[in-house]
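Chemist: Would you mind keeping the following structure in view while I ask a few things?
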Amino acid sequence: MSIRTRFAPSPTGFLHVGGIRTALFGWLLARQNGGQFVLRIEDTDKVREVEGSEQHIIESLKWLGLDWDEGPDKGGDHHPYRQSERLGIYKEWGQKLIDSGRAYADPYTPAQLEEFRNKAKQEKRPFLFRDHRPESPPAWDGSQPLRFKSEPKAYQWHDEVMGQLSTGPEVVDDFILIKSDGYPTYNFAHIVDDQLMGITHVIRSQEFLSSTPKFLNLYDALGIEWPKFATLPFVMGPDGKKKLSKRDGAKDILDYRREGYLPEALVSFLATLGWNDGTTQEVFTRDELIQKFKLDHVQKSGARFDEQRLLWMNGQIIRGMSIDELYEKIEQSDKGYWGHGRDADADYKKAVLGLVQDRLKFFAELDQLSEPFFAEPDENSVKELLISPPDKHLKGVPAEELSRILESVISKLEQSDFSEDDIRNRLNELLAELDTKPGVLFPVIRIAITGKSSSPEIFGTLRLLGKDKSLASLHRASALLDS
RNA sequence: GGCCCCUUCGUCUAGCGGUUCAGGACACUUGGUUCUCAUCCAAGAGAUCGCGGGUUCGAAUCCCGCAGGGGUCACCA
C-alpha cells in the first residue's frame, strides 16, 4: 500500500520552523516511498483565523520546495481540502455516532461546565466530563455541542518515533466533536478527514501525544483502523526550555527568504534538527534526504533552534555553488540584494561575486560586501579610518608616513597594466623599496579604495576596480591626508 | 495536582553491553594561508553520559527508584 501523509496547518498566521519541520518530515516520508503528500487546511476556528494565512502557508511551502499532490489550490480525489468546506461530512459522521450510541448532545451551559470543573478542583480530583453525562440527553439539533461518548480503557500503541506507549483509562474522556457553531473540533475533524483521505501516517508534533488515547477511542468507535503515528519532539526556542512559538519571537519562515537564506539550507538544517543518518554527514541535499530519511532515527527529545548553525549551513551551500549558479540564484530571489550594484552589468557582478562568495553568509549581506565595487569610497570613512585607525598595524603610523606611502603606491601603480599578477609584483617591489610591512601597506590601500577596514583580498579588489577608479580613489585619499 | 513524554560537551548530535577514561558538527580559543574580514587547513579547550540503586566479569547503553525539564487536562489546533 502506498504511503500517504498530510500537512494540516490551521490558518492562524505564518509558519515558523517548527511547523515547517513537521511538514518536511511528512513530505520526505511520502516522497521516498513514491506516495502522496496532502495539504489540508484546518480552518475550524473562525475566531483565531487570520486572513491571508492560507496563501502565506502555501507560499512558504512552495518556496521550500515541499510540493503536495492534493490540496485546496489544486484539488484531488478527496476534495474539498478546507475543513470549513466539509461541514456536511462531519455532521454526517456525527450522526453515525449518535445512531450507534457513541455521541450525544451536551445540554450544559458554559457556566455549568465551569462549575463542574471548579468542584473537581476543590475536591482535588481530576475533572472528567463523563462523570456528568446527562441521563437523558436532548435530541441534537445542532445548537448544542455534540459530545463523544467514550468507552474508557487502557491503551497501548506504537509510535514510529517515540516507540511503545501506554496509558490508563483515566485519560479517555468525553470530548466535543462538533461545536455549537456547527464547526467540528480538531479532535473529530482530523480523524474523519485522515480516514476519508486515506492518510496512512499521522505525523504531528508532541502536544498531541496526551490526546492520542482519546483519538484511539474514537477510531475504535468509528470502526476505523488506526493509522501509523509519528510524534515529533518540539523545536525549542533559544532558551531551550519552551517550544518555539510565535509568541516568543519565532520568525516567519518567509523572513528567511527575505534575508536571503536558501531553501536548501533551511531544508537541510531542519531535517538535521532532531534527525541524522548515523554518519558524520552534516549537510544534505533534498535528494539525499529523500533517500536517507528514517523516522526511527528521529530524536525523541526537543532540539533547540540554533540560528548560528543555520547561518553556517547557508554559507556552506553558497560556497559550494559555482559563480553562475550563485548569480542566477540571487537574480531569481531578489535583485534588490545587490543594492548599489542593482543596475550593473552581469559580467561585472559575477566578477564581484567571485571576490565576495567566501564571505557571503546570506544574500542580505551582499550590498554591504559588494558596495566598494559599485560606489566610490565614502570620504569621511576614509579620513576617519586613516587618521584614527582601529587596525593595530596602522596605529601610531604618522599621517606624513601614510601620505608618503600613498604617493608611492600611486606612482607604482600608474605603470601597471592592472592584471592581478602585475599588481602583486609591483606592490611587492614597493614593500621592499619602502621597507614597510604588508600589515601597513595593504590596509592603507584598502581604506583608500574601499573606505572600509575590511574587504576581499587586495590584489583582486584592485584588479576588478580597474586602473582608473583605483588611482582616482588613491589620489583622493592622498589629498584628504594632506588637508 | 493527575496523566504522558524527555534527560550525552554551551548548542545539534554519534553511541543501541566490551575495540569509547565517549566520536563528529556549530560556536569559542590559538596558529598557518604576503594585510583586514571571511574561507580553507591544523591544533586546543569543552560531557565524571541528570542523580541514586541494582543486573553483569563488564553499562552512556538493560532494570528499578528519584530529581529536573516539557507537554496535556478548552465549544484552540
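Ordering of the C-alpha cells sets the chain letters (A, B, ...), residue numbers begin anew at 1 in every chain, and ligands are numbered from 1 in the order given.
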Dump as an MDAnalysis selection string the residues of chain B that approach chain A to within 12 Å, counting only C-alpha atoms (C1' of nucleotides).
Modeler: chainID B and resid 1:7 10:16 23:27 34:40 68:77
Chemist: Got a sec: who's within 6 Å of stretch 44-57 of chain B, counting only C-alpha atoms (C1' of nucleotides), leaving out chain neighbours fewer than 2 positions off, as number ranges by chain?
Modeler: B: 8-9, 60
Chemist: May I have the residues within 12 Å of A:Asp334 as a CSV table (one decimal) with C-alpha atoms, in the first residue's frame, using only C-alpha atoms (C1' of nucleotides) and disregarding those fewer than 3 positions away in the same chain?
Modeler:
```csv
chain,number,residue,atom,x,y,z
A,257,ARG,CA,13.7,34.1,2.3
A,258,ARG,CA,13.7,37.9,2.7
A,259,GLU,CA,17.1,37.8,4.3
A,260,GLY,CA,18.4,35.7,1.5
A,261,TYR,CA,18.7,32.3,3.1
A,327,TYR,CA,24.4,34.7,-9.7
A,328,GLU,CA,21.3,33.1,-11.0
A,329,LYS,CA,20.0,32.3,-7.5
A,330,ILE,CA,20.4,35.9,-6.5
A,331,GLU,CA,18.7,37.2,-9.6
A,337,TYR,CA,20.1,42.3,-2.7
A,338,TRP,CA,22.6,43.9,-4.9
A,339,GLY,CA,21.8,47.3,-3.5
A,342,ARG,CA,21.5,46.7,-8.8
A,363,PHE,CA,22.1,37.4,0.5
A,364,ALA,CA,21.1,40.4,2.5
A,366,LEU,CA,25.5,41.3,-0.4
A,367,ASP,CA,25.0,45.0,-0.7
```
Chemist: What is the atom CA of A:Lys246-atom CA of A:Phe284 distance in Å, reported with one decimal?
Modeler: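 Interatomic distance, atom CA of A:Lys246 to atom CA of A:Phe284: 27.4 Å.
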Chemist: Rounded to one decimal in Å, what is the spacing between atom CA of A:Ile318 and atom CA of A:Phe373?
Modeler: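 So the answer is 20.1 Å.
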Chemist: Using only C-alpha atoms (C1' of nucleotides), which protein or nucleic acid residues come within 7 Å of A:Glu420? Drop anything in the same chain fewer than 5 positions from it, and give the result as a compact mmCIF listing (two decimals) with N, CA and C atoms, in the first residue's frame.
Modeler:
```
# COMPACT_ATOMS: atom_id res chain seq x y z
N PHE A 459 44.64 42.41 -4.03
CA PHE A 459 45.03 42.41 -5.44
C PHE A 459 43.81 42.23 -6.35
N GLY A 460 42.96 41.29 -5.98
CA GLY A 460 41.75 41.06 -6.77
C GLY A 460 40.84 42.27 -6.76
N ARG A 463 42.33 44.91 -9.09
CA ARG A 463 42.16 44.49 -10.47
C ARG A 463 40.73 44.74 -10.93
```
Chemist: Where in stretch 87-177 of chain A does DSSP assign alpha helix (DSSP H), given as a ChimeraX atom specification?
Modeler: /A:87-99,110-122
Chemist: So how far away is atom CA of A:His56 from atom CA of A:Ser84, in Å?
Modeler: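 Between atom CA of A:Ser84 and atom CA of A:His56 the gap is 18.0 Å.
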Chemist: For the strand (DSSP E) assignment from backbone DSSP, which residues of stretch 169-287 of chain A qualify? Please present them as a PyMOL selection string.
Modeler: chain A and resi 176-178+201-205+228-232+235-236
Chemist: Identify, on the basis of only C-alpha atoms (C1' of nucleotides), every residue whose closest approach to stretch 288-291 of chain A does not exceed 6 Å; exclude the query and any residue fewer than 3 positions from it along the same chain; express the result as an mmCIF file with N, CA and C atoms, in the first residue's frame.
Modeler:
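So around.cif came out as:
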```cif
data_model
loop_
_atom_site.group_PDB
_atom_site.id
_atom_site.type_symbol
_atom_site.label_atom_id
_atom_site.label_comp_id
_atom_site.auth_asym_id
_atom_site.auth_seq_id
_atom_site.Cartn_x
_atom_site.Cartn_y
_atom_site.Cartn_z
ATOM 1 N N LEU A 28 8.967 14.150 3.239
ATOM 2 C CA LEU A 28 10.064 13.219 2.978
ATOM 3 C C LEU A 28 9.568 11.779 2.955
ATOM 4 N N GLN A 32 9.870 9.544 -0.421
ATOM 5 C CA GLN A 32 10.818 8.450 -0.504
ATOM 6 C C GLN A 32 10.123 7.115 -0.797
ATOM 7 N N PHE A 284 22.810 17.972 3.923
ATOM 8 C CA PHE A 284 22.191 17.032 2.996
ATOM 9 C C PHE A 284 21.437 17.776 1.887
ATOM 10 N N THR A 285 21.495 17.251 0.693
ATOM 11 C CA THR A 285 20.651 17.794 -0.365
ATOM 12 C C THR A 285 19.257 17.193 -0.204
#
```
